[in-house]
$ cat protein_27.txt   # compact mmCIF, C-alpha atoms and all ligand atoms
# COMPACT_ATOMS: atom_id res chain seq x y z
CA MET A 1 103.17 110.36 65.88
CA SER A 2 102.82 111.97 69.29
CA VAL A 3 103.99 110.55 72.57
CA PHE A 4 100.31 110.32 73.43
CA SER A 5 99.02 108.68 70.27
CA PRO A 6 99.51 105.03 71.43
CA VAL A 7 97.66 105.72 74.69
CA GLU A 8 94.57 103.59 75.07
CA LEU A 9 91.46 104.52 76.98
CA ALA A 10 91.59 103.14 80.54
CA PRO A 11 88.68 100.99 81.71
CA ARG A 12 85.95 103.04 83.35
CA ASP A 13 85.93 103.09 87.12
CA PRO A 14 82.76 101.11 87.94
CA ILE A 15 81.60 103.41 90.74
CA LEU A 16 82.32 106.65 88.87
CA GLY A 17 80.49 105.17 85.85
CA LEU A 18 77.55 104.50 88.13
CA ASN A 19 77.57 108.12 89.33
CA GLU A 20 77.52 109.31 85.71
CA ALA A 21 74.55 107.08 84.91
CA PHE A 22 72.80 108.38 88.03
CA GLY A 23 73.50 112.00 87.01
CA ALA A 24 72.06 111.40 83.55
CA ASP A 25 68.85 109.81 84.91
CA THR A 26 66.04 112.39 84.75
CA ARG A 27 63.62 110.61 87.11
CA ALA A 28 62.83 112.79 90.14
CA ASN A 29 62.76 109.93 92.64
CA LYS A 30 66.11 108.37 91.64
CA VAL A 31 68.37 107.17 94.46
CA ASN A 32 72.13 106.63 94.40
CA LEU A 33 73.09 103.74 96.69
CA GLY A 34 76.42 103.30 94.93
CA VAL A 35 78.17 106.17 96.68
CA GLY A 36 80.80 105.57 99.35
CA VAL A 37 79.95 108.58 101.50
CA TYR A 38 77.75 109.14 104.52
CA CYS A 39 74.69 111.27 103.81
CA ASN A 40 72.45 112.69 106.51
CA GLU A 41 68.65 112.54 106.71
CA GLU A 42 68.50 115.34 104.11
CA GLY A 43 70.61 113.28 101.72
CA LYS A 44 73.61 115.64 102.09
CA VAL A 45 77.23 115.06 103.11
CA PRO A 46 77.27 116.79 106.52
CA LEU A 47 79.73 119.37 107.78
CA LEU A 48 80.27 118.28 111.38
CA ARG A 49 79.81 120.95 114.05
CA ALA A 50 83.12 119.98 115.67
CA VAL A 51 84.85 120.51 112.31
CA GLN A 52 83.08 123.82 111.80
CA LYS A 53 84.18 125.06 115.22
CA ALA A 54 87.78 124.01 114.61
CA GLU A 55 87.70 125.71 111.22
CA GLU A 56 86.31 128.95 112.63
CA ALA A 57 89.12 129.08 115.18
CA ARG A 58 91.64 128.31 112.48
CA VAL A 59 90.41 131.04 110.12
CA ALA A 60 90.41 133.55 113.00
CA GLU A 61 94.07 132.72 113.59
CA HIS A 62 95.07 133.91 110.10
CA ALA A 63 98.00 131.55 110.25
CA ALA A 64 100.71 131.61 107.59
CA ARG A 65 101.09 128.47 105.43
CA ALA A 66 104.64 127.27 105.77
CA TYR A 67 105.48 123.72 104.69
CA LEU A 68 104.66 120.97 107.12
CA PRO A 69 107.37 118.45 108.02
CA ILE A 70 107.67 115.54 105.55
CA ASP A 71 105.82 113.22 107.92
CA GLY A 72 103.16 115.81 108.70
CA LEU A 73 101.87 117.77 111.65
CA ALA A 74 103.29 116.32 114.89
CA PRO A 75 100.20 116.95 117.11
CA TYR A 76 98.10 115.26 114.42
CA ASP A 77 100.38 112.23 114.18
CA LEU A 78 100.35 111.82 117.95
CA ALA A 79 96.56 112.17 118.14
CA VAL A 80 96.22 109.46 115.48
CA GLN A 81 98.33 107.12 117.62
CA LYS A 82 96.16 107.78 120.68
CA LEU A 83 93.01 107.06 118.71
CA LEU A 84 94.45 103.80 117.39
CA PHE A 85 96.10 102.40 120.50
CA GLY A 86 94.30 104.22 123.35
CA THR A 87 95.57 107.18 125.36
CA ASP A 88 97.23 105.01 128.00
CA SER A 89 98.83 102.49 125.66
CA ALA A 90 102.42 101.61 126.54
CA LEU A 91 103.20 101.70 122.82
CA LEU A 92 102.95 105.50 122.82
CA GLN A 93 106.13 105.73 124.92
CA SER A 94 107.83 102.67 123.42
CA GLY A 95 109.78 104.31 120.63
CA ARG A 96 108.29 101.70 118.27
CA LEU A 97 105.71 103.92 116.58
CA ILE A 98 106.01 105.89 113.37
CA THR A 99 103.07 107.90 112.06
CA ALA A 100 103.09 109.98 108.92
CA GLN A 101 100.17 112.15 107.85
CA SER A 102 98.92 111.00 104.46
CA LEU A 103 96.55 111.96 101.66
CA GLY A 104 93.56 110.07 103.02
CA GLY A 105 93.47 106.36 103.66
CA THR A 106 94.33 105.74 100.02
CA GLY A 107 97.52 107.77 100.44
CA ALA A 108 98.40 105.81 103.56
CA LEU A 109 98.00 102.50 101.74
CA LYS A 110 100.14 103.76 98.86
CA LEU A 111 102.89 105.00 101.18
CA GLY A 112 102.94 101.63 102.94
CA ALA A 113 102.93 99.81 99.60
CA ASP A 114 105.81 101.88 98.23
CA PHE A 115 107.78 101.58 101.44
CA LEU A 116 107.43 97.78 101.66
CA TYR A 117 108.14 97.35 97.97
CA ARG A 118 111.55 98.95 98.36
CA GLN A 119 112.44 96.81 101.38
CA ALA A 120 111.01 93.40 100.60
CA GLU A 121 112.21 90.63 98.36
CA LYS A 122 108.80 89.03 98.00
CA ARG A 123 106.18 91.27 96.56
CA LEU A 124 102.97 89.48 97.14
CA VAL A 125 99.87 91.06 98.66
CA ALA A 126 96.73 89.22 99.79
CA ILE A 127 93.41 91.03 100.05
CA SER A 128 90.04 89.74 101.20
CA ASN A 129 87.56 88.31 98.70
CA PRO A 130 85.83 90.64 98.12
CA SER A 131 87.57 93.85 99.14
CA TRP A 132 87.43 97.59 98.58
CA GLU A 133 87.86 97.76 94.81
CA ASN A 134 90.88 100.05 94.99
CA HIS A 135 92.98 97.65 97.09
CA ARG A 136 93.87 95.43 94.17
CA SER A 137 94.51 98.27 91.72
CA LEU A 138 96.56 100.23 94.23
CA PHE A 139 98.91 97.38 95.14
CA GLU A 140 99.19 96.27 91.51
CA ALA A 141 100.07 99.83 90.52
CA ALA A 142 102.76 99.75 93.23
CA GLY A 143 104.28 96.66 91.55
CA TYR A 144 102.86 93.81 93.60
CA GLU A 145 101.22 90.60 92.59
CA VAL A 146 97.81 90.62 94.31
CA VAL A 147 95.95 87.47 95.35
CA ASP A 148 92.95 87.09 97.59
CA TYR A 149 92.01 85.07 100.64
CA PRO A 150 88.46 83.75 101.30
CA TYR A 151 86.39 86.12 103.41
CA TYR A 152 82.69 86.38 102.61
CA ASP A 153 80.40 83.38 102.61
CA PRO A 154 77.38 84.02 100.34
CA ALA A 155 75.60 80.99 101.81
CA THR A 156 75.42 82.56 105.27
CA ASN A 157 75.92 86.22 104.30
CA GLY A 158 78.60 86.06 106.97
CA LEU A 159 82.28 85.36 107.44
CA ASN A 160 83.99 82.28 106.05
CA LEU A 161 86.41 82.07 108.96
CA ASP A 162 87.73 78.57 108.24
CA GLY A 163 88.34 79.50 104.62
CA MET A 164 90.05 82.71 105.64
CA LEU A 165 92.38 80.97 108.10
CA ALA A 166 93.22 78.20 105.62
CA GLY A 167 93.81 80.79 102.90
CA LEU A 168 96.19 82.80 105.08
CA GLU A 169 97.97 79.58 106.10
CA ALA A 170 98.52 78.59 102.47
CA LEU A 171 100.09 81.90 101.42
CA PRO A 172 103.87 81.99 100.98
CA GLU A 173 105.71 83.19 104.09
CA GLY A 174 106.07 86.92 104.31
CA THR A 175 103.00 87.85 102.29
CA VAL A 176 101.63 91.34 102.93
CA VAL A 177 98.10 90.68 104.25
CA VAL A 178 95.62 93.53 104.03
CA LEU A 179 92.97 93.29 106.77
CA HIS A 180 89.93 95.51 107.29
CA ALA A 181 90.10 96.45 110.98
CA CYS A 182 86.35 97.14 111.23
CA CYS A 183 83.26 97.76 109.08
CA HIS A 184 84.48 95.72 106.13
CA ASN A 185 83.97 97.38 102.75
CA PRO A 186 82.04 96.13 100.77
CA THR A 187 80.37 93.39 102.83
CA GLY A 188 79.77 94.95 106.27
CA VAL A 189 80.86 91.57 107.71
CA ASP A 190 83.47 91.77 110.48
CA LEU A 191 85.51 89.29 112.46
CA ALA A 192 84.38 88.53 116.02
CA LEU A 193 86.89 89.21 118.76
CA ALA A 194 87.90 85.54 119.08
CA ASP A 195 88.41 85.32 115.30
CA TRP A 196 91.07 88.03 115.37
CA ALA A 197 93.18 86.00 117.80
CA LYS A 198 93.12 83.10 115.31
CA VAL A 199 94.14 85.39 112.45
CA ILE A 200 97.03 86.77 114.51
CA ASP A 201 98.14 83.23 115.27
CA VAL A 202 98.34 82.28 111.56
CA VAL A 203 99.92 85.58 110.55
CA THR A 204 102.59 85.16 113.24
CA ARG A 205 103.43 81.57 112.32
CA ARG A 206 103.57 82.34 108.59
CA LYS A 207 105.60 85.51 109.18
CA HIS A 208 103.16 87.51 107.13
CA VAL A 209 103.22 91.30 107.14
CA PRO A 210 99.87 92.58 108.48
CA PHE A 211 98.61 95.80 106.93
CA LEU A 212 95.44 96.95 108.71
CA ASP A 213 93.09 99.29 106.92
CA ILE A 214 90.90 101.33 109.27
CA ALA A 215 88.68 103.68 107.31
CA TYR A 216 85.52 103.50 109.47
CA GLN A 217 86.65 103.73 113.09
CA GLY A 218 83.58 104.76 115.07
CA PHE A 219 81.03 103.47 112.57
CA GLY A 220 80.79 99.95 114.02
CA GLU A 221 80.33 100.03 117.81
CA ASN A 222 82.33 103.05 119.01
CA LEU A 223 85.85 104.45 118.69
CA GLU A 224 87.33 102.10 121.29
CA ASP A 225 85.71 98.82 120.27
CA ASP A 226 86.36 99.46 116.58
CA ALA A 227 90.08 99.65 117.35
CA PHE A 228 90.02 96.16 118.86
CA ALA A 229 91.91 94.47 116.02
CA VAL A 230 94.56 97.19 116.02
CA ARG A 231 95.04 96.80 119.76
CA LEU A 232 95.22 93.02 119.59
CA PHE A 233 97.92 93.24 116.94
CA ALA A 234 99.69 95.79 119.12
CA GLU A 235 99.62 93.35 122.07
CA SER A 236 101.02 90.57 119.90
CA GLY A 237 104.33 92.40 119.58
CA LEU A 238 104.36 91.84 115.81
CA PRO A 239 105.62 94.55 113.50
CA PHE A 240 102.71 95.80 111.38
CA LEU A 241 101.28 98.70 109.40
CA ILE A 242 98.01 100.63 109.71
CA ALA A 243 96.33 102.90 107.19
CA SER A 244 93.92 105.34 108.89
CA SER A 245 91.33 107.43 107.09
CA PHE A 246 89.29 110.29 108.56
CA SER A 247 87.33 110.90 105.39
CA LYS A 248 84.19 109.30 106.81
CA SER A 249 84.55 109.78 110.56
CA PHE A 250 85.13 113.53 110.16
CA SER A 251 83.13 113.87 106.95
CA LEU A 252 86.21 115.50 105.44
CA TYR A 253 86.37 113.52 102.20
CA GLY A 254 87.85 116.27 100.05
CA GLU A 255 90.50 117.36 102.52
CA ARG A 256 92.37 114.05 102.23
CA VAL A 257 93.12 113.36 105.88
CA GLY A 258 94.72 110.03 106.69
CA ALA A 259 97.83 108.55 108.26
CA LEU A 260 100.21 105.66 107.88
CA THR A 261 101.34 104.16 111.17
CA MET A 262 104.06 101.55 111.40
CA VAL A 263 104.74 99.57 114.56
CA THR A 264 108.31 98.34 114.54
CA ALA A 265 109.52 95.22 116.34
CA ASN A 266 111.93 97.20 118.51
CA GLN A 267 113.17 100.73 119.08
CA GLY A 268 116.30 100.14 117.03
CA GLU A 269 114.27 99.68 113.85
CA THR A 270 112.38 102.94 114.16
CA ALA A 271 114.90 105.54 112.95
CA PRO A 272 115.90 103.69 109.75
CA VAL A 273 112.27 102.90 108.91
CA LEU A 274 111.21 106.51 109.44
CA SER A 275 114.10 107.75 107.31
CA GLN A 276 113.09 105.45 104.44
CA LEU A 277 109.42 106.38 104.75
CA LYS A 278 110.39 110.04 104.51
CA ARG A 279 112.21 109.29 101.27
CA VAL A 280 109.06 107.73 99.86
CA ILE A 281 107.05 110.82 100.79
CA ARG A 282 109.68 113.33 99.67
CA THR A 283 109.92 111.79 96.21
CA ASN A 284 106.15 111.62 95.77
CA TYR A 285 104.64 114.88 97.02
CA SER A 286 107.32 116.27 99.33
CA ASN A 287 105.06 117.01 102.29
CA PRO A 288 101.34 116.89 103.10
CA PRO A 289 98.75 119.72 103.10
CA THR A 290 97.89 121.68 106.24
CA HIS A 291 94.17 122.31 106.52
CA GLY A 292 92.58 118.90 107.14
CA ALA A 293 95.26 117.77 109.56
CA LYS A 294 95.06 121.05 111.52
CA VAL A 295 91.29 120.69 111.84
CA VAL A 296 91.40 117.03 112.87
CA ALA A 297 94.26 117.67 115.32
CA ALA A 298 92.32 120.59 116.84
CA VAL A 299 89.29 118.34 117.40
CA LEU A 300 91.21 115.33 118.69
CA ASN A 301 93.34 117.44 121.04
CA SER A 302 90.51 119.50 122.57
CA PRO A 303 88.40 117.65 125.19
CA GLU A 304 85.38 119.79 124.33
CA LEU A 305 85.57 119.33 120.55
CA TYR A 306 86.44 115.66 120.95
CA GLN A 307 83.25 115.10 122.93
CA LEU A 308 81.19 116.94 120.34
CA TRP A 309 82.80 114.88 117.57
CA GLU A 310 82.10 111.61 119.39
CA GLU A 311 78.45 112.65 119.71
CA GLU A 312 78.22 113.47 116.01
CA LEU A 313 79.92 110.21 115.10
CA ALA A 314 77.38 108.36 117.27
CA GLU A 315 74.56 110.21 115.46
CA MET A 316 75.88 109.01 112.10
CA ARG A 317 76.33 105.46 113.38
CA ASP A 318 72.86 105.33 114.94
CA ARG A 319 71.18 106.75 111.86
CA ILE A 320 72.73 104.00 109.73
CA ARG A 321 71.67 101.38 112.27
CA HIS A 322 68.08 102.64 112.18
CA MET A 323 68.11 102.53 108.40
CA ARG A 324 69.26 98.89 108.52
CA ILE A 325 66.42 97.96 110.87
CA ALA A 326 63.88 99.88 108.77
CA LEU A 327 65.11 98.32 105.53
CA VAL A 328 64.75 94.79 106.90
CA GLU A 329 61.26 95.54 108.23
CA LYS A 330 60.13 97.14 104.99
CA LEU A 331 61.54 94.34 102.83
CA GLN A 332 59.67 91.81 104.93
CA ALA A 333 56.49 93.91 104.85
CA ALA A 334 56.82 94.10 101.06
CA GLY A 335 56.71 90.32 100.91
CA VAL A 336 60.36 89.29 100.64
CA GLN A 337 60.44 85.65 101.75
CA THR A 338 64.18 85.10 101.96
CA ASP A 339 66.06 85.82 105.17
CA VAL A 340 67.25 89.44 105.13
CA ASP A 341 68.10 89.76 108.83
CA PHE A 342 71.80 89.72 107.95
CA ILE A 343 71.44 93.33 106.74
CA GLN A 344 70.92 94.26 110.37
CA ARG A 345 73.98 92.35 111.53
CA GLN A 346 76.33 93.98 109.02
CA ARG A 347 78.31 96.97 110.24
CA GLY A 348 79.53 100.25 108.84
CA MET A 349 78.24 102.13 105.84
CA PHE A 350 77.69 99.24 103.47
CA SER A 351 75.63 96.16 103.02
CA TYR A 352 76.26 93.28 100.71
CA SER A 353 72.58 92.96 99.96
CA GLY A 354 72.71 89.64 98.14
CA LEU A 355 71.22 91.30 95.02
CA THR A 356 72.52 89.75 91.82
CA LYS A 357 74.00 91.70 88.92
CA GLU A 358 70.74 91.27 87.02
CA GLN A 359 68.67 92.49 89.94
CA VAL A 360 70.94 95.54 90.32
CA ALA A 361 70.48 96.30 86.61
CA ARG A 362 66.69 96.04 86.99
CA LEU A 363 66.77 98.39 89.99
CA ALA A 364 68.44 101.05 87.85
CA ASP A 365 66.40 100.50 84.68
CA GLU A 366 62.96 100.12 86.19
CA PHE A 367 63.20 102.17 89.39
CA GLY A 368 66.09 104.64 89.04
CA ILE A 369 67.83 103.08 92.04
CA TYR A 370 71.55 102.67 91.53
CA ALA A 371 73.73 100.15 93.38
CA VAL A 372 77.13 98.56 92.69
CA SER A 373 76.82 95.49 90.44
CA SER A 374 78.23 93.29 93.24
CA GLY A 375 75.04 94.04 95.17
CA ARG A 376 76.77 96.45 97.56
CA ILE A 377 74.44 99.18 98.76
CA CYS A 378 75.39 102.21 100.82
CA VAL A 379 73.02 102.10 103.80
CA ALA A 380 74.18 105.63 104.70
CA ALA A 381 72.48 106.90 101.52
CA LEU A 382 69.07 105.77 102.79
CA ASN A 383 66.77 108.21 104.60
CA THR A 384 63.13 108.37 105.62
CA SER A 385 62.20 110.00 102.29
CA ASN A 386 63.70 107.34 100.02
CA ILE A 387 63.64 104.12 102.05
CA ASP A 388 60.10 103.06 101.07
CA ALA A 389 60.85 103.43 97.38
CA VAL A 390 64.12 101.50 97.81
CA ALA A 391 62.57 98.69 99.86
CA ASN A 392 59.64 98.28 97.46
CA ALA A 393 61.93 98.27 94.42
CA MET A 394 64.31 95.77 96.03
CA ALA A 395 61.36 93.56 96.96
CA ALA A 396 60.06 93.74 93.39
CA VAL A 397 63.35 92.58 91.84
CA MET A 398 63.94 89.93 94.55
CA LYS A 399 60.61 88.18 93.90
N1 LIG A 401 90.08 101.74 102.71
C1 LIG A 401 88.79 101.39 102.67
C2 LIG A 401 88.38 100.05 103.13
C3 LIG A 401 87.85 102.30 102.17
O1 LIG A 401 86.57 101.95 102.10
C4 LIG A 401 88.28 103.57 101.74
C5 LIG A 401 87.35 104.61 101.22
N2 LIG A 401 86.24 104.24 100.59
C6 LIG A 401 89.63 103.88 101.83
C7 LIG A 401 90.50 102.94 102.33
C8 LIG A 401 90.18 105.20 101.34
O2 LIG A 401 89.85 106.27 102.12
P1 LIG A 401 90.17 107.75 101.66
O3 LIG A 401 88.96 108.25 100.99
O4 LIG A 401 90.47 108.44 102.94
O5 LIG A 401 91.34 107.72 100.76
$ encode --input "protein_27.txt" --output "structure tokens" --more "lines below"
Ligand code: PMP
Amino acid sequence: MSVFSPVELAPRDPILGLNEAFGADTRANKVNLGVGVYCNEEGKVPLLRAVQKAEEARVAEHAARAYLPIDGLAPYDLAVQKLLFGTDSALLQSGRLITAQSLGGTGALKLGADFLYRQAEKRLVAISNPSWENHRSLFEAAGYEVVDYPYYDPATNGLNLDGMLAGLEALPEGTVVVLHACCHNPTGVDLALADWAKVIDVVTRRKHVPFLDIAYQGFGENLEDDAFAVRLFAESGLPFLIASSFSKSFSLYGERVGALTMVTANQGETAPVLSQLKRVIRTNYSNPPTHGAKVVAAVLNSPELYQLWEEELAEMRDRIRHMRIALVEKLQAAGVQTDVDFIQRQRGMFSYSGLTKEQVARLADEFGIYAVSSGRICVAALNTSNIDAVANAMAAVMK
């Protein structure tokens, strides 16, 4: 009997399973709408010009690879704070900010989860219904009980604000509440500005612990507007956590570039919190990798590269927006009678299309078009070569 013999096969990751099925499909005109990455008009993950320029400069430097500090590259951490709170935010000088470079947004969430778990007595996390599929698994793996709060309203394909507020109100005091700061994954449905103030009001009264997840800053309106929720929380004076990811906004998925930022209630809390966070990092992976953070810091800290990056980010955002408009038009032209305008209102890379599980299965079987069984489609995987086939197939299964 080996130590491994009782080990049971883990359930298949639904999205990876979908990629396998897509890979095995031999049809030439197959389309993968299940992916969570931005693809350009050629259907490829782009290498941004700003990234390329920063990388060229970095290679030319022939820099040695010493260890980074436990909490990462300081110019990177500072640049992350500026992006979140704005360059002239008083918080930057307040002594209330802690930022640690992390292994993508996932790593930031896990650091925050592990940190809070060690400090808190109550270990309850609330995520939106629905949410990014890894939220639940990640917090459960970190030892928490995970519940959800109402979020998406299938009747309106919009936000169930009253349900959300009532759900947050009903949670036990001190619950860790995970909130998508912008471009909600998977629904593409965001809170309006006035809604955030209501959420902050409930969270404050119930003494919840807000944990903002910002993985798509720049994909909604622009870098500034997409940070609105973060900045409103900052103004509230509440202590809170933020998980940043640059996987999408820099198209640096494989470099694992993210950051955990914690805003403490006062300066006195900062040193102990940072010291405990460093323990979490040290006992997990000791310190983060250099390349991605160096590249992102070089772009964020150079006015010229920053401008180029903002332009490239706008190109990605606009391309997705055009694909949304085209998809709605083509669905209507193909005879879809139901209201599909909501696809245009949704923001970020994804759309909760309203397709049922059965319709998603038919899309794959009959047309070689793969989507997540929840009906989530990646709008950033559409392009002018595949959109007609997708719209016609969707129309066929929706009739
Ligand atoms: N949060 C959300 C809401 C996401 O959609 C994702 C990525 N799909 C992440 C976090 C994780 O990002 P990363 O790939 O940088 O770990």
$ closest_atom_pairs --input "protein_27.txt" --of "segment 313-378 of chain A" --to "segment 237-256 of chain A" --cutoff "10 Å" --atoms "all atoms listed in the file" --output "CSV"
residue,atom,partner,partner_atom,distance
A:Leu313,CA,A:Ser249,CA,6.5
A:Ala314,CA,A:Ser249,CA,9.9
A:Met316,CA,A:Ser249,CA,8.8
A:Arg317,CA,A:Ser249,CA,9.7
A:Met349,CA,A:Lys248,CA,9.4
$ axis_aligned_box --input "protein_27.txt" --around "ligand LIG 401 (chain A)" --padding-each-side "5 Å" --output "lines of an AutoDock Vina configuration file"
center_x = 88.8
center_y = 104.2
center_z = 101.9
size_x = 15.1
size_y = 18.4
size_z = 12.5
$ atom_distance --input "protein_27.txt" --atom1 "atom CA of Ile15 of chain A" --atom2 "atom CA of Tyr38 of chain A"
15.4 Å
$ residues_near_ligand --input "protein_27.txt" --ligand "ligand LIG 401 (chain A)" --cutoff "7 Å" --atoms "only C-alpha atoms and all ligand atoms" --output "ChimeraX atom specification"
/A:36,103-107,132,180,184-185,213-215,245-247,253,256-258
$ residues_around --input "protein_27.txt" --residues "segment 371-384 of chain A" --least-positions-apart "3" --cutoff "10 Å" --atoms "all atoms listed in the file" --output "VMD selection string"
chain A and resid 14 to 15 18 to 19 22 31 to 45 130 185 to 188 316 to 317 319 to 324 326 to 327 343 347 to 361 363 to 364 368 387 to 390
$ write_last_selection --input "protein_27.txt" --atoms "C-alpha atoms" --output "short mmCIF file (atom, residue, chain, number, x, y, z; two decimals), in the coordinates of the input"
data_model
loop_
_atom_site.label_atom_id
_atom_site.label_comp_id
_atom_site.auth_asym_id
_atom_site.auth_seq_id
_atom_site.Cartn_x
_atom_site.Cartn_y
_atom_site.Cartn_z
CA PRO A 14 82.76 101.11 87.94
CA ILE A 15 81.60 103.41 90.74
CA LEU A 18 77.55 104.50 88.13
CA ASN A 19 77.57 108.12 89.33
CA PHE A 22 72.80 108.38 88.03
CA VAL A 31 68.37 107.17 94.46
CA ASN A 32 72.13 106.63 94.40
CA LEU A 33 73.09 103.74 96.69
CA GLY A 34 76.42 103.30 94.93
CA VAL A 35 78.17 106.17 96.68
CA GLY A 36 80.80 105.57 99.35
CA VAL A 37 79.95 108.58 101.50
CA TYR A 38 77.75 109.14 104.52
CA CYS A 39 74.69 111.27 103.81
CA ASN A 40 72.45 112.69 106.51
CA GLU A 41 68.65 112.54 106.71
CA GLU A 42 68.50 115.34 104.11
CA GLY A 43 70.61 113.28 101.72
CA LYS A 44 73.61 115.64 102.09
CA VAL A 45 77.23 115.06 103.11
CA PRO A 130 85.83 90.64 98.12
CA ASN A 185 83.97 97.38 102.75
CA PRO A 186 82.04 96.13 100.77
CA THR A 187 80.37 93.39 102.83
CA GLY A 188 79.77 94.95 106.27
CA MET A 316 75.88 109.01 112.10
CA ARG A 317 76.33 105.46 113.38
CA ARG A 319 71.18 106.75 111.86
CA ILE A 320 72.73 104.00 109.73
CA ARG A 321 71.67 101.38 112.27
CA HIS A 322 68.08 102.64 112.18
CA MET A 323 68.11 102.53 108.40
CA ARG A 324 69.26 98.89 108.52
CA ALA A 326 63.88 99.88 108.77
CA LEU A 327 65.11 98.32 105.53
CA ILE A 343 71.44 93.33 106.74
CA ARG A 347 78.31 96.97 110.24
CA GLY A 348 79.53 100.25 108.84
CA MET A 349 78.24 102.13 105.84
CA PHE A 350 77.69 99.24 103.47
CA SER A 351 75.63 96.16 103.02
CA TYR A 352 76.26 93.28 100.71
CA SER A 353 72.58 92.96 99.96
CA GLY A 354 72.71 89.64 98.14
CA LEU A 355 71.22 91.30 95.02
CA THR A 356 72.52 89.75 91.82
CA LYS A 357 74.00 91.70 88.92
CA GLU A 358 70.74 91.27 87.02
CA GLN A 359 68.67 92.49 89.94
CA VAL A 360 70.94 95.54 90.32
CA ALA A 361 70.48 96.30 86.61
CA LEU A 363 66.77 98.39 89.99
CA ALA A 364 68.44 101.05 87.85
CA GLY A 368 66.09 104.64 89.04
CA ILE A 387 63.64 104.12 102.05
CA ASP A 388 60.10 103.06 101.07
CA ALA A 389 60.85 103.43 97.38
CA VAL A 390 64.12 101.50 97.81
#
$ residues_around --input "protein_27.txt" --residues "segment 392-395 of chain A" --least-positions-apart "3" --cutoff "7 Å" --atoms "all atoms listed in the file" --output "list in words"
Leu331, Ala334, Gly335, Val336, Leu363, Phe367, Asp388, Ala389, Met398 and Lys399 of chain A
$ atom_distance --input "protein_27.txt" --atom1 "atom CA of Pro75 of chain A" --atom2 "atom CA of Ala297 of chain A"
6.2 Å
$ atom_distance --input "protein_27.txt" --atom1 "atom CA of Asn266 of chain A" --atom2 "atom CA of Ala113 of chain A"
21.1 Å
$ closest_residue --input "protein_27.txt" --among "A:Ser131, A:Gln101, A:Asn160, A:Ser137" --to "Leu179 of chain A" --atoms "only C-alpha atoms"
A:Ser131
$ closest_residue --input "protein_27.txt" --among "A:Leu223, A:Ile325, A:Ala166, A:Cys182" --to "Asp201 of chain A" --atoms "all atoms listed in the file"
A:Ala166
$ residues_near_point --input "protein_27.txt" --point "(85.1, 101.2, 116.1)" --cutoff "10 Å" --atoms "all atoms listed in the file" --output "list in words"
Leu84, Ala181, Cys182, Cys183, Ile214, Ala215, Tyr216, Gln217, Gly218, Phe219, Gly220, Glu221, Asn222, Leu223, Glu224, Asp225, Asp226, Ala227, Phe228, Ala229, Arg347 and Gly348 of chain A
$ residues_around --input "protein_27.txt" --residues "Val209 of chain A" --least-positions-apart "5" --cutoff "12 Å" --atoms "only C-alpha atoms" --output "NGL selection string"
:A and (112-113 or 116 or 120 or 122-126 or 168 or 171-179 or 200 or 202-204 or 233 or 238-242 or 262-265)
$ write_last_selection --input "protein_27.txt" --atoms "C-alpha atoms" --output "short mmCIF file (atom, residue, chain, number, x, y, z; two decimals), keeping the file's coordinate frame"
data_model
loop_
_atom_site.label_atom_id
_atom_site.label_comp_id
_atom_site.auth_asym_id
_atom_site.auth_seq_id
_atom_site.Cartn_x
_atom_site.Cartn_y
_atom_site.Cartn_z
CA GLY A 112 102.94 101.63 102.94
CA ALA A 113 102.93 99.81 99.60
CA LEU A 116 107.43 97.78 101.66
CA ALA A 120 111.01 93.40 100.60
CA LYS A 122 108.80 89.03 98.00
CA ARG A 123 106.18 91.27 96.56
CA LEU A 124 102.97 89.48 97.14
CA VAL A 125 99.87 91.06 98.66
CA ALA A 126 96.73 89.22 99.79
CA LEU A 168 96.19 82.80 105.08
CA LEU A 171 100.09 81.90 101.42
CA PRO A 172 103.87 81.99 100.98
CA GLU A 173 105.71 83.19 104.09
CA GLY A 174 106.07 86.92 104.31
CA THR A 175 103.00 87.85 102.29
CA VAL A 176 101.63 91.34 102.93
CA VAL A 177 98.10 90.68 104.25
CA VAL A 178 95.62 93.53 104.03
CA LEU A 179 92.97 93.29 106.77
CA ILE A 200 97.03 86.77 114.51
CA VAL A 202 98.34 82.28 111.56
CA VAL A 203 99.92 85.58 110.55
CA THR A 204 102.59 85.16 113.24
CA PHE A 233 97.92 93.24 116.94
CA LEU A 238 104.36 91.84 115.81
CA PRO A 239 105.62 94.55 113.50
CA PHE A 240 102.71 95.80 111.38
CA LEU A 241 101.28 98.70 109.40
CA ILE A 242 98.01 100.63 109.71
CA MET A 262 104.06 101.55 111.40
CA VAL A 263 104.74 99.57 114.56
CA THR A 264 108.31 98.34 114.54
CA ALA A 265 109.52 95.22 116.34
#
$ residues_near_point --input "protein_27.txt" --point "(100.3, 114.3, 122.8)" --cutoff "12 Å" --atoms "all atoms listed in the file" --output "number ranges by chain"
A: 73-83, 86-88, 92-93, 297-298, 300-302
$ residues_around --input "protein_27.txt" --residues "Ser286 of chain A" --least-positions-apart "5" --cutoff "10 Å" --atoms "all atoms listed in the file" --output "number ranges by chain"
A: 67-71, 278-281
$ write_last_selection --input "protein_27.txt" --atoms "C-alpha atoms" --output "short mmCIF file (atom, residue, chain, number, x, y, z; two decimals), in the coordinates of the input"
data_model
loop_
_atom_site.label_atom_id
_atom_site.label_comp_id
_atom_site.auth_asym_id
_atom_site.auth_seq_id
_atom_site.Cartn_x
_atom_site.Cartn_y
_atom_site.Cartn_z
CA TYR A 67 105.48 123.72 104.69
CA LEU A 68 104.66 120.97 107.12
CA PRO A 69 107.37 118.45 108.02
CA ILE A 70 107.67 115.54 105.55
CA ASP A 71 105.82 113.22 107.92
CA LYS A 278 110.39 110.04 104.51
CA ARG A 279 112.21 109.29 101.27
CA VAL A 280 109.06 107.73 99.86
CA ILE A 281 107.05 110.82 100.79
#
